[in-house]
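**Q** I'd like to ask some things about the structure below.
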Amino acid sequence: MILKKICTNCFIIIFFCLITSCKLDKNYFPYNEGRKVFYDVFFQDKEKKKKYYRQSFFFLPRIDNAVPVLKNDGEITFYVFESKGILKINREEFFSSENTYDSENDNSQLLIAYPIHKNTEWETNDKTTIQMKLGYDRFYNTNLPFKLKNKIVSIDETISIKGKKIKNCIKVSGYGKTSYYPDPTLGNINIEIFSTTWFAKGLGMVKYKREEKSDSETMGNIIYEKTMLIND
């Protein structure tokens, strides 16, 4: 369950870099119908147990100003690009006749804000995925809402993926915090969330890292990383 929720959070981030717009450098946001992208995923839980697996994302035909993307678990998400940025809409909202989102007044679903310049900032709604452990076998999902503050910190970053250097990447850093008060015995538990995402020309999102840290042993820290498989 925790892995699925983290995947959903990073899945939101992954594909806003892959949608084209007249206001963007298309080299950083490649889109081709039928394109399939693979990522290696690493997850470390509070007990420092590690898991490795692979994800794939498949680009479906455009629908007006939206790009539907199919995840390997069957989930379809729509990425809608507008003048102020790119929004992530789930399948139910996209096909709803009630217009449950207002792109002009609500930034809760805004994945990235234009322009793509250093120091551009925006906020998104998010939820914690870290778990609380009581005793030996009682786990509780936190699911605490918080605001993730995002900022483009570099547009010329160089990173290395499996020995291959990728230059002139866009680097986006995110930060959020919240707290949880389960009971007087445990007291108030503070949680901080850090995320970093890198985008490269001709590739889109090449790496994503997220950490959730708490100041309580009942929660500990978790780490999630996603790295694109790049052909030589």
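Identifiers in the structure tokens: chain A, B, ... in order shown; residue index from 1 per chain; ligand index from 1 in order shown.
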If we count only C-alpha atoms and set the cut-off at 8 Å, which residues sit around A:Thr158, ignoring sequence neighbours fewer than 3 positions away in its own chain? Please answer as a ChimeraX atom specification.
**A** /A:165-169
**Q** Taking the DSSP assignment computed from this structure's backbone, write out as a ChimeraX atom specification all residues of stretch 40-186 of chain A that belong to helix (DSSP H, G or I).
**A** /A:91-95
**Q** Name the residues in contact with A:Thr142 at a cut-off of 7 Å, using only C-alpha atoms, excluding same-chain residues fewer than 3 positions from it; report them as a list in words.
**A**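 Within the cut-off, the hits are Thr128, Thr129, Ile130, Gln131 and Met132 of chain A.
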**Q** Within 12 Å of stretch 48-52 of chain A, counting only C-alpha atoms, which residues qualify if same-chain residues fewer than 5 places away don't, as a PyMOL selection string?
**A** chain A and resi 3+39-43+219-227
**Q** Sorted by chain and rising residue number, list the residues of stretch 43-107 of chain A at most 12 Å from stretch 190-212 of chain A (counting only C-alpha atoms), each with its closest atom pair and distance in Å to one decimal, as a tab-separated table.
**A**
```
residue	atom	partner	partner_atom	distance
A:Phe43	CA	A:Arg210	CA	9.7
A:Gln44	CA	A:Glu211	CA	9.6
A:Asp45	CA	A:Glu212	CA	10.0
A:Lys46	CA	A:Glu212	CA	9.8
```
**Q** Please produce an output containing N, CA and C atoms for each residue in the selection, written as a PDB file, in the first residue's frame.
**A**
```pdb
ATOM      1  N   PHE A  43      13.164   1.486  -3.009  1.00  0.00           N
ATOM      2  CA  PHE A  43      12.415   1.934  -1.836  1.00  0.00           C
ATOM      3  C   PHE A  43      13.051   1.364  -0.575  1.00  0.00           C
ATOM      4  N   GLN A  44      13.245   2.240   0.424  1.00  0.00           N
ATOM      5  CA  GLN A  44      13.762   1.805   1.720  1.00  0.00           C
ATOM      6  C   GLN A  44      12.791   2.247   2.808  1.00  0.00           C
ATOM      7  N   ASP A  45      12.295   1.295   3.602  1.00  0.00           N
ATOM      8  CA  ASP A  45      11.313   1.621   4.631  1.00  0.00           C
ATOM      9  C   ASP A  45      11.994   2.017   5.944  1.00  0.00           C
ATOM     10  N   LYS A  46      11.184   2.269   6.981  1.00  0.00           N
ATOM     11  CA  LYS A  46      11.722   2.727   8.256  1.00  0.00           C
ATOM     12  C   LYS A  46      12.622   1.708   8.921  1.00  0.00           C
TER      13      LYS A  46
END
```
**Q** From a DSSP pass on the backbone, collect the residues of stretch 65-185 of chain A flagged as strand (DSSP E or B) and hand them back as a PyMOL selection string.
**A** chain A and resi 66-71+76-82+85-90+110-113+121-127+131-134+138-141+145-161+164-180
**Q** Print the selection's residues with C-alpha atoms to a file, as a JSON list (two decimals), in the first residue's frame.
**A**
```json
[["chain", "number", "residue", "atom", "x", "y", "z"],
["A", 66, "ALA", "CA", -4.49, 16.51, -22.63],
["A", 67, "VAL", "CA", -2.14, 13.54, -22.82],
["A", 68, "PRO", "CA", -3.34, 10.26, -21.26],
["A", 69, "VAL", "CA", -0.60, 8.05, -19.85],
["A", 70, "LEU", "CA", -1.04, 4.38, -18.96],
["A", 71, "LYS", "CA", 0.93, 3.00, -16.05],
["A", 76, "ILE", "CA", -4.57, 6.09, -16.54],
["A", 77, "THR", "CA", -3.79, 9.70, -15.72],
["A", 78, "PHE", "CA", -4.41, 12.78, -17.87],
["A", 79, "TYR", "CA", -1.91, 15.62, -18.11],
["A", 80, "VAL", "CA", -3.55, 18.87, -19.16],
["A", 81, "PHE", "CA", -1.29, 21.70, -20.32],
["A", 82, "GLU", "CA", -2.46, 25.29, -20.09],
["A", 85, "GLY", "CA", 1.43, 25.26, -16.33],
["A", 86, "ILE", "CA", 0.58, 21.57, -16.46],
["A", 87, "LEU", "CA", -2.14, 19.96, -14.36],
["A", 88, "LYS", "CA", -2.61, 16.33, -13.39],
["A", 89, "ILE", "CA", -6.20, 15.06, -13.62],
["A", 90, "ASN", "CA", -7.37, 11.57, -12.75],
["A", 110, "LEU", "CA", -0.67, 22.23, -10.85],
["A", 111, "LEU", "CA", 2.37, 20.04, -11.46],
["A", 112, "ILE", "CA", 4.71, 22.67, -12.81],
["A", 113, "ALA", "CA", 4.40, 26.40, -13.29],
["A", 121, "GLU", "CA", 8.18, 28.52, -7.60],
["A", 122, "TRP", "CA", 4.79, 26.83, -7.11],
["A", 123, "GLU", "CA", 2.90, 24.74, -4.57],
["A", 124, "THR", "CA", 1.03, 21.46, -4.87],
["A", 125, "ASN", "CA", -1.16, 19.46, -2.52],
["A", 126, "ASP", "CA", 0.41, 16.23, -1.32],
["A", 127, "LYS", "CA", 0.08, 13.57, 1.39],
["A", 131, "GLN", "CA", 3.87, 4.74, 8.27],
["A", 132, "MET", "CA", 3.62, 4.59, 12.06],
["A", 133, "LYS", "CA", 4.64, 1.32, 13.69],
["A", 134, "LEU", "CA", 3.37, 0.37, 17.14],
["A", 138, "ARG", "CA", 0.70, -2.77, 13.97],
["A", 139, "PHE", "CA", 1.23, -0.39, 11.05],
["A", 140, "TYR", "CA", -0.80, 2.74, 10.38],
["A", 141, "ASN", "CA", -0.73, 4.84, 7.20],
["A", 145, "PRO", "CA", -2.07, 16.44, 3.85],
["A", 146, "PHE", "CA", 0.58, 19.11, 3.36],
["A", 147, "LYS", "CA", 1.73, 21.74, 0.88],
["A", 148, "LEU", "CA", 4.79, 20.81, -1.16],
["A", 149, "LYS", "CA", 6.74, 23.94, -2.12],
["A", 150, "ASN", "CA", 8.55, 23.42, -5.43],
["A", 151, "LYS", "CA", 11.33, 25.49, -6.93],
["A", 152, "ILE", "CA", 13.50, 25.29, -10.03],
["A", 153, "VAL", "CA", 17.00, 25.59, -8.53],
["A", 154, "SER", "CA", 19.09, 24.95, -11.65],
["A", 155, "ILE", "CA", 18.73, 24.74, -15.42],
["A", 156, "ASP", "CA", 22.28, 23.51, -16.16],
["A", 157, "GLU", "CA", 22.74, 20.60, -13.77],
["A", 158, "THR", "CA", 24.95, 17.62, -14.68],
["A", 159, "ILE", "CA", 24.11, 14.21, -13.20],
["A", 160, "SER", "CA", 25.47, 10.71, -13.71],
["A", 161, "ILE", "CA", 23.24, 7.68, -14.28],
["A", 164, "LYS", "CA", 26.67, 8.10, -18.12],
["A", 165, "LYS", "CA", 26.85, 11.88, -17.65],
["A", 166, "ILE", "CA", 23.76, 13.86, -18.57],
["A", 167, "LYS", "CA", 24.35, 17.59, -18.93],
["A", 168, "ASN", "CA", 22.15, 20.70, -18.84],
["A", 169, "CYS", "CA", 19.41, 19.13, -16.71],
["A", 170, "ILE", "CA", 16.63, 21.05, -15.03],
["A", 171, "LYS", "CA", 16.68, 20.45, -11.27],
["A", 172, "VAL", "CA", 13.54, 20.95, -9.18],
["A", 173, "SER", "CA", 13.59, 20.80, -5.39],
["A", 174, "GLY", "CA", 10.50, 20.35, -3.22],
["A", 175, "TYR", "CA", 9.96, 20.78, 0.51],
["A", 176, "GLY", "CA", 7.02, 20.26, 2.82],
["A", 177, "LYS", "CA", 6.34, 19.72, 6.50],
["A", 178, "THR", "CA", 3.52, 18.64, 8.76],
["A", 179, "SER", "CA", 2.98, 17.11, 12.20],
["A", 180, "TYR", "CA", 0.99, 14.34, 13.82]]
```
**Q** May I ask for the distance between atom CA of A:Val37 and atom CA of A:Asp73, given in Å to one decimal place?
**A**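 Atom-to-atom, atom CA of A:Val37 and atom CA of A:Asp73 are spaced 13.9 Å apart.
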**Q** Calculate how many Å separate atom CA of A:Ser96 from atom CA of A:Pro61, rounding to one decimal.
**A**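 Separating atom CA of A:Ser96 from atom CA of A:Pro61 is a distance of 19.3 Å.
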**Q** Suppose you want the space between atom CA of A:Ile116 and atom CA of A:Glu75; what is it in Å?
**A**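 Going from atom CA of A:Ile116 over to atom CA of A:Glu75 covers 28.2 Å.
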